[in-house]
Each structure stands twice: as structure tokens, then as C-alpha cells.
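Colleague: So I've got this file, my_file06.cif, and it contains mmCIF, C-alpha atoms:
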```
data_data
#
loop_
_atom_site.label_atom_id
_atom_site.label_comp_id
_atom_site.auth_asym_id
_atom_site.auth_seq_id
_atom_site.Cartn_x
_atom_site.Cartn_y
_atom_site.Cartn_z
CA MET A 1 -6.26 -33.01 2.16
CA ALA A 2 -5.69 -35.69 4.76
CA GLN A 3 -6.75 -33.43 7.66
CA ASP A 4 -8.73 -30.26 8.12
CA TYR A 5 -7.02 -27.34 6.42
CA VAL A 6 -7.33 -24.45 8.83
CA VAL A 7 -6.93 -20.78 7.91
CA GLY A 8 -6.20 -18.22 10.64
CA LEU A 9 -7.43 -14.64 10.28
CA THR A 10 -5.23 -12.02 11.94
CA SER A 11 -7.21 -10.28 14.64
CA ASP A 12 -5.72 -6.85 13.98
CA ASN A 13 -8.52 -6.25 11.47
CA ALA A 14 -10.91 -9.19 11.95
CA ASP A 15 -13.44 -10.02 14.67
CA ALA A 16 -14.10 -13.47 16.10
CA ASP A 17 -17.08 -13.91 13.77
CA GLY A 18 -14.96 -13.16 10.71
CA ARG A 19 -16.25 -9.64 10.21
CA THR A 20 -13.32 -7.52 9.05
CA ILE A 21 -12.52 -3.84 8.89
CA PHE A 22 -13.23 -4.20 5.17
CA GLY A 23 -16.66 -5.71 5.78
CA ASP A 24 -17.66 -9.08 4.35
CA VAL A 25 -14.73 -10.67 2.50
CA GLY A 26 -16.53 -13.84 1.45
CA LEU A 27 -15.13 -16.39 3.90
CA GLU A 28 -17.87 -18.79 2.84
CA ARG A 29 -15.74 -19.46 -0.24
CA LEU A 30 -13.16 -21.11 2.00
CA GLU A 31 -15.85 -23.30 3.53
CA ALA A 32 -17.21 -24.23 0.09
CA ALA A 33 -13.71 -25.42 -0.84
CA GLY A 34 -13.53 -27.70 2.21
CA LEU A 35 -11.41 -25.38 4.38
CA THR A 36 -12.14 -24.09 7.86
CA TRP A 37 -11.15 -20.77 9.40
CA ARG A 38 -10.86 -19.08 12.77
CA THR A 39 -9.77 -15.69 14.01
CA MET A 40 -6.43 -15.72 15.78
CA PRO A 41 -6.05 -14.29 19.31
CA PRO A 42 -4.74 -10.72 19.63
CA VAL A 43 -0.98 -10.24 19.84
CA ASP A 44 1.18 -8.05 22.03
CA GLY A 45 2.75 -5.56 19.65
CA HIS A 46 2.88 -6.60 16.00
CA GLU A 47 4.18 -10.17 16.04
CA ALA A 48 2.48 -13.52 16.58
CA THR A 49 3.94 -16.38 18.60
CA PRO A 50 4.04 -20.12 17.82
CA ALA A 51 0.96 -20.48 20.06
CA HIS A 52 -0.97 -18.18 17.71
CA LEU A 53 -0.06 -20.42 14.77
CA ASP A 54 -0.71 -23.73 16.45
CA GLY A 55 -3.03 -25.85 14.33
CA LEU A 56 -3.00 -23.46 11.38
CA ASP A 57 -2.14 -24.35 7.78
CA ALA A 58 -2.49 -20.83 6.41
CA VAL A 59 -2.78 -17.26 7.63
CA LEU A 60 -4.83 -14.52 5.99
CA SER A 61 -3.00 -11.41 7.18
CA PHE A 62 -5.12 -8.27 7.07
CA GLY A 63 -2.67 -5.89 8.71
CA HIS A 64 1.08 -5.84 9.12
CA TRP A 65 2.03 -8.35 11.77
CA GLY A 66 5.64 -9.47 11.55
CA TRP A 67 6.47 -12.98 10.32
CA PRO A 68 10.15 -13.60 11.12
CA ARG A 69 11.86 -16.80 10.04
CA GLU A 70 12.23 -17.96 13.64
CA LEU A 71 8.47 -17.89 14.08
CA LEU A 72 7.87 -19.88 10.91
CA ALA A 73 10.52 -22.43 11.88
CA ALA A 74 8.72 -22.95 15.18
CA SER A 75 5.38 -23.46 13.39
CA PRO A 76 5.95 -26.50 11.15
CA ARG A 77 2.32 -26.97 10.14
CA LEU A 78 2.03 -23.52 8.52
CA LYS A 79 2.21 -23.68 4.72
CA HIS A 80 1.00 -20.33 3.47
CA LEU A 81 1.06 -16.62 4.36
CA ALA A 82 -1.58 -14.77 2.35
CA ARG A 83 -1.44 -10.97 2.55
CA PHE A 84 -4.69 -9.03 2.09
CA GLY A 85 -3.12 -6.37 -0.12
CA ALA A 86 -0.17 -5.79 -2.40
CA GLY A 87 2.50 -4.96 0.17
CA PHE A 88 4.59 -7.27 2.29
CA ASP A 89 6.43 -4.79 4.51
CA GLY A 90 8.51 -6.47 7.16
CA ILE A 91 8.39 -9.89 5.49
CA ASP A 92 11.52 -11.41 3.93
CA PRO A 93 10.26 -13.51 0.98
CA ALA A 94 13.53 -15.46 0.75
CA ALA A 95 13.42 -16.38 4.44
CA VAL A 96 9.78 -17.43 4.13
CA ALA A 97 10.67 -19.59 1.12
CA ALA A 98 13.60 -21.14 2.99
CA GLU A 99 11.12 -22.34 5.61
CA GLY A 100 8.94 -23.93 2.94
CA VAL A 101 6.12 -21.41 3.31
CA VAL A 102 4.35 -19.83 0.33
CA LEU A 103 3.88 -16.04 0.43
CA THR A 104 1.16 -14.46 -1.70
CA THR A 105 -0.16 -10.92 -2.12
CA THR A 106 -2.91 -9.35 -4.22
CA PRO A 107 -1.14 -6.91 -6.57
CA GLY A 108 -3.55 -6.89 -9.48
CA ALA A 109 -6.57 -6.18 -7.33
CA THR A 110 -5.07 -3.04 -5.80
CA THR A 111 -3.78 -1.36 -8.95
CA LYS A 112 -6.78 0.67 -10.07
CA PRO A 113 -8.07 1.69 -6.61
CA LEU A 114 -4.58 2.79 -5.54
CA ALA A 115 -4.02 4.78 -8.74
CA ALA A 116 -7.45 6.37 -8.38
CA SER A 117 -6.66 7.40 -4.80
CA ALA A 118 -3.37 8.93 -5.99
CA MET A 119 -5.30 10.83 -8.67
CA THR A 120 -7.81 12.00 -6.07
CA MET A 121 -5.10 13.37 -3.79
CA LEU A 122 -3.16 14.85 -6.70
CA LEU A 123 -6.20 16.78 -7.93
CA ALA A 124 -6.89 17.91 -4.37
CA VAL A 125 -3.46 19.43 -3.81
CA ALA A 126 -3.19 20.75 -7.37
CA HIS A 127 -6.40 22.71 -6.76
CA ASN A 128 -5.51 23.68 -3.17
CA LEU A 129 -8.46 21.78 -1.77
CA PRO A 130 -7.04 21.65 1.80
CA GLN A 131 -6.60 25.44 1.97
CA ASN A 132 -10.01 26.11 0.43
CA LEU A 133 -11.65 23.63 2.80
CA PHE A 134 -10.19 25.34 5.86
CA ALA A 135 -11.17 28.76 4.49
CA ALA A 136 -14.77 27.69 3.88
CA ARG A 137 -15.12 26.07 7.30
CA GLY A 138 -13.67 29.16 8.92
CA GLY A 139 -16.07 31.50 7.12
CA ARG A 140 -13.18 33.16 5.29
CA TRP A 141 -14.83 33.36 1.87
CA ASP A 142 -13.13 36.70 1.18
CA GLU A 143 -9.75 34.87 1.18
CA ARG A 144 -10.55 32.41 -1.63
CA GLY A 145 -8.44 34.37 -4.12
CA ARG A 146 -5.38 33.43 -2.08
CA TYR A 147 -5.79 29.76 -2.86
CA ILE A 148 -5.67 29.54 -6.63
CA GLY A 149 -4.11 26.18 -7.41
CA ARG A 150 -1.41 25.27 -9.92
CA GLY A 151 -3.68 22.73 -11.61
CA LEU A 152 -2.44 19.99 -13.92
CA ASP A 153 -2.71 21.41 -17.42
CA GLY A 154 0.83 22.29 -18.50
CA ALA A 155 2.27 21.21 -15.16
CA THR A 156 4.96 18.59 -14.67
CA VAL A 157 3.97 15.59 -12.58
CA GLY A 158 6.77 13.45 -11.18
CA ILE A 159 5.86 9.88 -10.23
CA VAL A 160 8.36 8.02 -8.04
CA GLY A 161 7.61 4.32 -8.47
CA PHE A 162 6.35 3.22 -11.87
CA GLY A 163 4.99 -0.23 -11.20
CA ARG A 164 1.39 -1.24 -11.79
CA ALA A 165 -0.16 1.64 -9.88
CA GLY A 166 2.25 4.22 -11.28
CA GLN A 167 1.48 3.14 -14.81
CA GLU A 168 -2.26 3.21 -14.13
CA LEU A 169 -1.90 6.74 -12.74
CA ALA A 170 -0.15 7.75 -15.96
CA ARG A 171 -3.17 6.47 -17.90
CA LEU A 172 -5.52 8.48 -15.69
CA LEU A 173 -3.43 11.60 -16.23
CA ALA A 174 -3.48 11.35 -20.02
CA PRO A 175 -6.43 13.75 -20.60
CA PHE A 176 -5.15 16.45 -18.23
CA GLY A 177 -2.36 17.91 -20.36
CA ALA A 178 0.40 17.33 -17.84
CA ARG A 179 3.99 16.42 -18.63
CA LEU A 180 4.94 13.14 -16.96
CA LEU A 181 8.35 12.35 -15.50
CA VAL A 182 8.83 9.01 -13.76
CA HIS A 183 11.60 7.41 -11.75
CA ASP A 184 12.11 3.68 -11.41
CA VAL A 185 14.40 0.95 -12.71
CA PRO A 186 15.75 1.39 -16.29
CA ALA A 187 13.87 -1.70 -17.48
CA LEU A 188 10.64 0.34 -17.30
CA ALA A 189 11.77 2.88 -19.91
CA ASP A 190 9.67 1.27 -22.67
CA ALA A 191 6.58 1.13 -20.43
CA ALA A 192 7.06 4.82 -19.69
CA SER A 193 7.42 5.70 -23.35
CA VAL A 194 4.20 3.89 -24.27
CA LEU A 195 2.38 6.04 -21.70
CA ASP A 196 3.97 9.31 -22.92
CA ALA A 197 6.11 9.54 -19.82
CA GLU A 198 9.86 10.04 -19.58
CA LEU A 199 11.96 7.85 -17.29
CA VAL A 200 14.56 10.11 -15.64
CA GLU A 201 17.01 10.20 -12.79
CA LEU A 202 15.53 11.14 -9.44
CA ASP A 203 17.32 14.49 -9.17
CA ASP A 204 16.10 15.50 -12.63
CA LEU A 205 12.54 14.64 -11.63
CA LEU A 206 12.82 16.61 -8.38
CA ALA A 207 14.19 19.68 -10.15
CA GLU A 208 11.32 19.85 -12.64
CA ALA A 209 8.20 18.43 -10.99
CA ASP A 210 5.42 20.79 -9.92
CA HIS A 211 3.64 17.83 -8.33
CA LEU A 212 5.49 14.91 -6.71
CA VAL A 213 3.62 11.60 -6.32
CA LEU A 214 4.99 8.68 -4.29
CA LEU A 215 4.02 5.18 -5.43
CA ALA A 216 7.25 3.41 -4.53
CA ALA A 217 7.56 0.27 -2.42
CA LEU A 218 8.87 0.63 1.11
CA THR A 219 12.27 -1.07 1.40
CA GLU A 220 15.40 -0.53 3.44
CA GLY A 221 16.69 1.65 0.61
CA SER A 222 13.54 3.76 0.30
CA HIS A 223 12.83 4.20 4.01
CA ARG A 224 12.48 7.94 4.66
CA MET A 225 13.85 8.73 1.22
CA VAL A 226 11.83 11.95 1.25
CA ASP A 227 13.99 13.74 3.79
CA ALA A 228 15.18 17.32 4.20
CA SER A 229 17.89 16.85 1.59
CA LEU A 230 15.48 15.51 -1.02
CA LEU A 231 12.88 18.18 -0.34
CA ALA A 232 15.52 20.88 -0.72
CA ARG A 233 16.11 19.62 -4.27
CA THR A 234 12.47 20.07 -5.27
CA LYS A 235 10.98 23.16 -6.90
CA PRO A 236 9.66 25.83 -4.54
CA GLY A 237 5.91 25.39 -4.26
CA VAL A 238 5.92 21.70 -5.15
CA THR A 239 3.02 19.58 -3.93
CA LEU A 240 3.48 16.12 -2.44
CA THR A 241 1.07 13.20 -2.73
CA ASN A 242 1.72 9.97 -0.84
CA VAL A 243 -0.71 7.05 -0.99
CA SER A 244 1.96 4.34 -0.88
CA ARG A 245 3.69 3.96 2.50
CA GLY A 246 4.17 6.47 5.29
CA GLY A 247 7.68 5.19 5.91
CA LEU A 248 8.85 6.73 2.63
CA VAL A 249 8.72 10.18 4.22
CA ASP A 250 10.62 11.87 7.04
CA HIS A 251 7.61 13.69 8.44
CA ASP A 252 9.67 16.11 10.54
CA ALA A 253 11.28 17.33 7.33
CA LEU A 254 7.92 17.48 5.58
CA ARG A 255 6.33 19.52 8.39
CA ALA A 256 9.18 22.01 8.16
CA ALA A 257 8.87 22.30 4.36
CA LEU A 258 5.10 22.76 4.60
CA ALA A 259 5.52 25.45 7.28
CA THR A 260 7.82 27.50 5.05
CA GLY A 261 5.70 26.94 1.94
CA HIS A 262 8.52 25.23 0.04
CA VAL A 263 6.04 22.35 -0.17
CA SER A 264 2.84 24.24 -0.93
CA ALA A 265 0.45 21.38 -0.14
CA ALA A 266 0.47 17.71 0.74
CA GLY A 267 -2.09 14.96 0.30
CA LEU A 268 -1.32 12.04 2.61
CA ASP A 269 -3.28 8.81 2.86
CA VAL A 270 -0.38 7.20 4.74
CA LEU A 271 1.68 8.33 7.70
CA ASP A 272 4.39 6.94 9.97
CA PRO A 273 3.35 5.97 12.57
CA GLU A 274 -0.26 5.06 12.02
CA PRO A 275 -2.33 6.34 13.62
CA PRO A 276 -0.42 9.56 14.21
CA ALA A 277 -0.29 11.33 17.54
CA ALA A 278 -3.45 13.30 18.22
CA ASP A 279 -1.41 16.52 18.35
CA ASP A 280 0.51 15.90 15.11
CA PRO A 281 0.62 19.27 13.32
CA LEU A 282 -0.06 17.55 9.99
CA LEU A 283 -3.64 17.02 11.16
CA THR A 284 -4.29 20.75 11.56
CA MET A 285 -2.04 22.40 8.96
CA GLU A 286 -4.21 24.22 6.43
CA ASN A 287 -2.16 23.05 3.46
CA VAL A 288 -2.40 19.34 4.29
CA LEU A 289 -5.12 16.81 3.51
CA VAL A 290 -4.84 13.63 5.62
CA THR A 291 -6.93 10.49 5.24
CA PRO A 292 -6.56 7.34 7.41
CA HIS A 293 -4.84 4.93 4.98
CA ALA A 294 -8.22 4.06 3.49
CA LEU A 295 -8.75 6.35 0.50
CA PHE A 296 -8.41 3.42 -1.90
CA TRP A 297 -10.85 1.25 0.04
CA THR A 298 -13.68 1.02 -2.45
CA ARG A 299 -16.12 -1.85 -2.91
CA ASP A 300 -14.18 -2.87 -6.02
CA PHE A 301 -10.97 -2.90 -4.00
CA VAL A 302 -12.41 -5.08 -1.22
CA ASP A 303 -14.05 -7.51 -3.64
CA GLY A 304 -10.96 -7.80 -5.82
CA VAL A 305 -8.46 -8.23 -2.99
CA ALA A 306 -10.68 -10.68 -1.11
CA THR A 307 -11.17 -12.81 -4.22
CA SER A 308 -7.46 -12.83 -5.01
CA ALA A 309 -6.41 -13.70 -1.45
CA ILE A 310 -9.02 -16.41 -0.94
CA GLU A 311 -8.38 -18.00 -4.34
CA ALA A 312 -4.68 -18.16 -3.49
CA ILE A 313 -5.45 -19.87 -0.17
CA ILE A 314 -7.67 -22.43 -1.90
CA ASP A 315 -5.02 -23.01 -4.59
CA VAL A 316 -2.29 -23.75 -2.05
CA ALA A 317 -4.60 -25.97 -0.01
CA HIS A 318 -5.27 -28.07 -3.11
CA GLY A 319 -1.67 -28.22 -4.28
CA ARG A 320 -1.89 -25.54 -6.98
CA ARG A 321 0.65 -22.75 -7.38
CA PRO A 322 -0.98 -19.30 -7.16
CA ALA A 323 -0.01 -16.80 -9.83
CA THR A 324 0.35 -14.20 -7.04
CA THR A 325 3.22 -16.04 -5.30
CA VAL A 326 5.86 -13.56 -4.15
CA ASN A 327 8.55 -16.19 -3.41
CA PRO A 328 8.35 -18.73 -6.27
CA ASP A 329 11.69 -20.19 -5.19
CA VAL A 330 9.74 -22.02 -2.51
CA TYR A 331 8.51 -24.51 -5.11
CA ASP A 332 12.11 -25.52 -5.91
CA LEU A 333 13.11 -25.85 -2.28
CA ALA A 334 11.16 -27.94 0.21
CA PRO A 335 7.62 -26.58 0.40
CA ARG A 336 5.55 -27.84 3.30
CA GLN A 337 2.67 -28.41 0.91
CA ALA A 338 2.78 -30.87 -2.00
CA PHE A 339 2.39 -29.09 -5.32
CA GLY A 340 1.92 -30.17 -8.90
CA THR A 341 4.23 -28.99 -11.66
CA GLY A 342 1.90 -26.26 -12.91
CA ARG A 343 -0.58 -23.77 -11.57
#
```
As C-alpha cells, how would this structure be written, given the file I've shared?
Modeller:
Amino acid sequence: MAQDYVVGLTSDNADADGRTIFGDVGLERLEAAGLTWRTMPPVDGHEATPAHLDGLDAVLSFGHWGWPRELLAASPRLKHLARFGAGFDGIDPAAVAAEGVVLTTTPGATTKPLAASAMTMLLAVAHNLPQNLFAARGGRWDERGRYIGRGLDGATVGIVGFGRAGQELARLLAPFGARLLVHDVPALADAASVLDAELVELDDLLAEADHLVLLAALTEGSHRMVDASLLARTKPGVTLTNVSRGGLVDHDALRAALATGHVSAAGLDVLDPEPPAADDPLLTMENVLVTPHALFWTRDFVDGVATSAIEAIIDVAHGRRPATTVNPDVYDLAPRQAFGTGR
């Protein structure tokens, strides 16, 4: 590296001293590799400006700031956007590649913690944990017979989104005696079969699932896919678990379905918006369990994601191609960094 290689930390979840909402993420590894870092100034809204990127070679993005093509074009030194997590909502990988910028995420490091959080929420709603929790806190022990859960043994679990986390959830469900239906692209039929799951059309899954689990990516096509029409096609008494993205759900429609009991319980680690309004009924409904988009934040998660993100930054800085690159076309275009022919 002919000049200092500087990494900017987004200030949405990082302090000036590098302490993040996740705790210590091992920034000393950047320093050991000859890189420097600094925390970027706060932004107005959710989008940086060229001034925020001035003098930066890479960004470690902890939250979900926007990175439009116009911003990247106005920041010619920037070579790498590294997401701290598996998602890249609001980022167009093709546009980032066209500007010569590498985009990486940390998919492998999130798989097990995300699947475990889905399993946690699924067990909670299958056993009516939210209702029992409210009853216990309210001193209503005489009502506990009202909240006998459906459970998982013999139930049908429908998983929408059968990527890494969906497949890991299927593995976790294996001992519980549930029937598994999954919905995703046809190419995943063999992966489903290996895990004793059946890949089906969405309407077939909705008609049969006792428990609906969302692990799909948030895209233009999936935005608010769980709306009033979709919920009407589910079985009466279905439970809903969402640990993926809040934007998958029309929460007005969900509130209405929970109020009537058509959706008997919901476990939500994600909402839209985040944080929700203080008076959002979902926070006080007795058949809803809400956590603040952090249920999968375990020590293993933080260590794995931090290692993956920092290793990718070091790779790009030294002209190596990270295996976690989201937009590999960048290497065939005009990357701002010089790369070798292999990883």
C-alpha cells in the first residue's frame, strides 16, 4: 500500500473510540495488518455524504446507511464497503460494482445464530410463551389452562426462505417431530429433500402450516409480502415468527390478524420501523413477543461476524479477493483496488 489505508466505522453503532453496540470487535487486527481506522461523523438521516467518505479507503458499516451510486461516484478513493452482517438492504450490488467498489457481507457467520433465534421464537409461540408470560406477571395463574400451545410434535412448520439460515433451522427442527414445508427457488429442492423438507408453492405452504417462519431476504418483491391477503390464506390459529427483516410484514395487517386470533401468536425480533412507536400495540398485545432486533446477538455471532468483516477488509487492502464478495463482477470491471487473479 503506497499510502495509509484508512477504514471508516459508521457512527450509527460505533463510538469515537471504536467501541460498538456489539462490544469489542477486534479493531486491533486492522492495525496489526498495517491499516488505520476512525469513526465517521454522524449523518442526518440514513445516508452519508462525500465529506463523510473523504480520505477513506473502506467503510465498515454496522447499521443500514444508504450507499447510492452517486455517493460512491463522488468518493473516488473508496474501494470497499464491508457490511457487518449478512444483509445489504438498500445497496445495489451492481451499481456498487460499476463504480469499482467491492461489497462484502458476512453470511456464514450469521447462519447458526440466526437459525437459533428463529428456533427460540418458534418454540416460544408454539408454547404460547407470550400469553403465559402476561398471565404470570398479572397474577392470573388460574387462567393458565387457556394457554395450552400447539407445540411442534406433529405440527407443520412452513419456512419461507430456505437459504443458509433456513436450512440450519431445518436441522434444528429434526428432533421435534414436525413436518417441514419450505418455499424458495426450485433449485433448492434437493437441499430440502436432504433435510426431510418439502419444497412447495407459497399458497400450499400457507394452507397447511401451523407455524409460519420468515427467513427470506428483503427485496422489492418481498417487501410487505405478509399482507392481509397472504394472512387470509393461512390456517386459522397459525403462529408467525419473523427474525429476518421487519419490512417483510405489513404490520397493520398483522395487528388486525392478531386481534381476531386468526394469527394466534407472533414472535418478532424485527419490526418496521425500528424502533417502533412507543404506543405500537404490538408491544402490549398478550399474544406477541417482541425483541429489539438483537435475539441472535450472541458472543459467537459477534466474534464470527467481526472476524469475517475484518478479514475481508484486510484482504481487499492487500489486493486479495474476499470469498464473501457480493458483487464479484467488480473484479472484471474496473476495481479501484489492484487485485491478483485469485483469492
Colleague: Env of A:His80: 7 Å cut, atoms = all atoms listed in the file, seq-sep filter 5 positions within chain, self excluded. Answer as a ChimeraX atom specification.
Modeller: /A:57-59,101-103
Colleague: Hey, can you check how far atom CA of A:Thr219 sits from atom CA of A:Asp89?
Modeller: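 Atom CA of A:Asp89 lies at a distance of 7.6 Å from atom CA of A:Thr219.
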Colleague: Just how far from atom CA of A:Gln167 is atom CA of A:Ala192, in Å to one decimal?
Modeller: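 Value for the atom CA of A:Ala192-atom CA of A:Gln167 distance: 7.6 Å.
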Colleague: The PyMOL selection byres ((chain A and resi 246-254) around 6) on the file shown: which residues, as a list in words?
Modeller: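 Residues picked by the PyMOL selection byres ((chain A and resi 246-254) around 6): His223, Arg224, Met225, Val226, Asp227, Ala228, Arg245, Arg255, Ala256, Ala257, Val270, Leu271 and Asp272 of chain A.
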Colleague: Could you name the residues that touch A:Leu181 at 7 Å or less, counting only C-alpha atoms, but leaving out those on the same chain fewer than 4 positions away, as a ChimeraX atom specification?
Modeller: /A:157-159,197-200,205
Colleague: Please save C-alpha atoms of the selected residues as a CSV table (one decimal), keeping the file's coordinate frame.
Modeller:
```csv
chain,number,residue,atom,x,y,z
A,157,VAL,CA,4.0,15.6,-12.6
A,158,GLY,CA,6.8,13.4,-11.2
A,159,ILE,CA,5.9,9.9,-10.2
A,197,ALA,CA,6.1,9.5,-19.8
A,198,GLU,CA,9.9,10.0,-19.6
A,199,LEU,CA,12.0,7.8,-17.3
A,200,VAL,CA,14.6,10.1,-15.6
A,205,LEU,CA,12.5,14.6,-11.6
```
Colleague: Quick one: residues within 6 Å of A:Leu268, only C-alpha atoms counted, chain neighbours fewer than 3 positions away excluded, as an MDAnalysis selection string?
Modeller: chainID A and resid 241:242 290
Colleague: Which distance in Å separates atom CA of A:Glu47 and atom CA of A:Glu70, to one decimal?
Modeller: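 Atom CA of A:Glu70 lies 11.5 Å from atom CA of A:Glu47.
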Colleague: Name the residues in contact with A:Ser61 at a cut-off of 7 Å, using only C-alpha atoms, excluding same-chain residues fewer than 2 positions from it; report them as a JSON list (two decimals) with C-alpha atoms, keeping the file's coordinate frame.
Modeller:
```json
[["chain", "number", "residue", "atom", "x", "y", "z"],
["A", 9, "LEU", "CA", -7.43, -14.64, 10.28],
["A", 10, "THR", "CA", -5.23, -12.02, 11.94],
["A", 59, "VAL", "CA", -2.78, -17.26, 7.63],
["A", 63, "GLY", "CA", -2.67, -5.89, 8.71],
["A", 82, "ALA", "CA", -1.58, -14.77, 2.35],
["A", 83, "ARG", "CA", -1.44, -10.97, 2.55],
["A", 84, "PHE", "CA", -4.69, -9.03, 2.09]]
```
Colleague: List the residues selected by the PyMOL selection byres ((chain A and resi 72) around 12) in the file shown, writing them as a tab-separated table (two decimals) with C-alpha atoms, in the coordinates of the input.
Modeller:
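Result file part_18.tsv:
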```
chain	number	residue	atom	x	y	z
A	47	GLU	CA	4.18	-10.17	16.04
A	48	ALA	CA	2.48	-13.52	16.58
A	49	THR	CA	3.94	-16.38	18.60
A	50	PRO	CA	4.04	-20.12	17.82
A	51	ALA	CA	0.96	-20.48	20.06
A	52	HIS	CA	-0.97	-18.18	17.71
A	53	LEU	CA	-0.06	-20.42	14.77
A	54	ASP	CA	-0.71	-23.73	16.45
A	56	LEU	CA	-3.00	-23.46	11.38
A	57	ASP	CA	-2.14	-24.35	7.78
A	58	ALA	CA	-2.49	-20.83	6.41
A	59	VAL	CA	-2.78	-17.26	7.63
A	66	GLY	CA	5.64	-9.47	11.55
A	67	TRP	CA	6.47	-12.98	10.32
A	68	PRO	CA	10.15	-13.60	11.12
A	69	ARG	CA	11.86	-16.80	10.04
A	70	GLU	CA	12.23	-17.96	13.64
A	71	LEU	CA	8.47	-17.89	14.08
A	73	ALA	CA	10.52	-22.43	11.88
A	74	ALA	CA	8.72	-22.95	15.18
A	75	SER	CA	5.38	-23.46	13.39
A	76	PRO	CA	5.95	-26.50	11.15
A	77	ARG	CA	2.32	-26.97	10.14
A	78	LEU	CA	2.03	-23.52	8.52
A	79	LYS	CA	2.21	-23.68	4.72
A	80	HIS	CA	1.00	-20.33	3.47
A	81	LEU	CA	1.06	-16.62	4.36
A	91	ILE	CA	8.39	-9.89	5.49
A	92	ASP	CA	11.52	-11.41	3.93
A	95	ALA	CA	13.42	-16.38	4.44
A	96	VAL	CA	9.78	-17.43	4.13
A	97	ALA	CA	10.67	-19.59	1.12
A	98	ALA	CA	13.60	-21.14	2.99
A	99	GLU	CA	11.12	-22.34	5.61
A	100	GLY	CA	8.94	-23.93	2.94
A	101	VAL	CA	6.12	-21.41	3.31
A	102	VAL	CA	4.35	-19.83	0.33
A	103	LEU	CA	3.88	-16.04	0.43
A	336	ARG	CA	5.55	-27.84	3.30
```
Colleague: For a cut-off of 12 Å around (-7.1, 16.5, -6.3), file coordinates, pick out all residues using only C-alpha atoms and list them as an NGL selection string.
Modeller: :A and (116-130 or 149-152 or 173 or 211 or 213 or 239-241 or 265-268 or 288-289)
Colleague: Can you list what the PyMOL selection byres ((chain A and resi 5) around 10) grabs from this structure, as a PDB file with C-alpha atoms, in the frame of the given file?
Modeller:
```pdb
ATOM      1  CA  MET A   1      -6.260 -33.010   2.160  1.00  0.00           C
ATOM      2  CA  ALA A   2      -5.690 -35.690   4.760  1.00  0.00           C
ATOM      3  CA  GLN A   3      -6.750 -33.430   7.660  1.00  0.00           C
ATOM      4  CA  ASP A   4      -8.730 -30.260   8.120  1.00  0.00           C
ATOM      5  CA  VAL A   6      -7.330 -24.450   8.830  1.00  0.00           C
ATOM      6  CA  VAL A   7      -6.930 -20.780   7.910  1.00  0.00           C
ATOM      7  CA  LEU A  30     -13.160 -21.110   2.000  1.00  0.00           C
ATOM      8  CA  GLY A  34     -13.530 -27.700   2.210  1.00  0.00           C
ATOM      9  CA  LEU A  35     -11.410 -25.380   4.380  1.00  0.00           C
ATOM     10  CA  THR A  36     -12.140 -24.090   7.860  1.00  0.00           C
ATOM     11  CA  TRP A  37     -11.150 -20.770   9.400  1.00  0.00           C
ATOM     12  CA  GLY A  55      -3.030 -25.850  14.330  1.00  0.00           C
ATOM     13  CA  LEU A  56      -3.000 -23.460  11.380  1.00  0.00           C
ATOM     14  CA  ASP A  57      -2.140 -24.350   7.780  1.00  0.00           C
ATOM     15  CA  ALA A  58      -2.490 -20.830   6.410  1.00  0.00           C
ATOM     16  CA  ILE A 314      -7.670 -22.430  -1.900  1.00  0.00           C
ATOM     17  CA  ALA A 317      -4.600 -25.970  -0.010  1.00  0.00           C
ATOM     18  CA  HIS A 318      -5.270 -28.070  -3.110  1.00  0.00           C
TER      19      HIS A 318
END
```
Colleague: Of the candidates A:Ala306, A:Gly45, A:Thr110, A:Arg29, which shows the shortest atom-to-atom distance to A:Phe62, using all atoms listed in the file?
Modeller: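 Closest to A:Phe62 of all the choices is A:Ala306.
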Colleague: If we count only C-alpha atoms, what is near A:Trp297 at a cut-off of 9 Å, once residues fewer than 5 positions away on the same chain are taken out, given as a ChimeraX atom specification?
Modeller: /A:22,113-114,117,302
Colleague: A:Asp204, A:Asp196, A:Asp44, A:Asp142: which is nearest A:Asp12, counting only C-alpha atoms?
Modeller: A:Asp44
Colleague: Go through A:Gly237, A:Gly145, A:Pro42, A:Asp203 one by one, measure the shortest atom-to-atom distance of each to A:Asn13 using only C-alpha atoms, and give the residue with the smallest value.
Modeller: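 Result for the nearest residue to A:Asn13: A:Pro42.
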Colleague: What would the file be for stretch 12-36 of chain A if you keep C-alpha atoms and write it as a compact mmCIF listing (two decimals), in the first residue's frame?
Modeller:
```txt
# COMPACT_ATOMS: atom_id res chain seq x y z
CA ASP A 12 -24.72 4.65 13.85
CA ASN A 13 -23.40 1.81 16.03
CA ALA A 14 -19.82 2.80 16.87
CA ASP A 15 -18.36 5.39 19.25
CA ALA A 16 -15.35 7.60 18.56
CA ASP A 17 -13.10 5.19 20.46
CA GLY A 18 -14.22 2.25 18.32
CA ARG A 19 -16.50 0.74 20.93
CA THR A 20 -19.54 -0.65 19.11
CA ILE A 21 -23.04 -1.68 20.05
CA PHE A 22 -21.71 -5.22 19.73
CA GLY A 23 -18.85 -4.58 22.15
CA ASP A 24 -15.23 -5.18 21.18
CA VAL A 25 -14.97 -6.26 17.54
CA GLY A 26 -11.20 -6.62 17.44
CA LEU A 27 -10.15 -3.48 15.59
CA GLU A 28 -6.57 -4.14 16.65
CA ARG A 29 -6.48 -6.72 13.86
CA LEU A 30 -6.75 -3.89 11.34
CA GLU A 31 -3.84 -2.11 12.99
CA ALA A 32 -1.76 -5.31 13.03
CA ALA A 33 -2.29 -5.56 9.27
CA GLY A 34 -0.98 -2.02 8.72
CA LEU A 35 -4.39 -0.33 8.38
CA THR A 36 -5.77 2.61 10.33
```
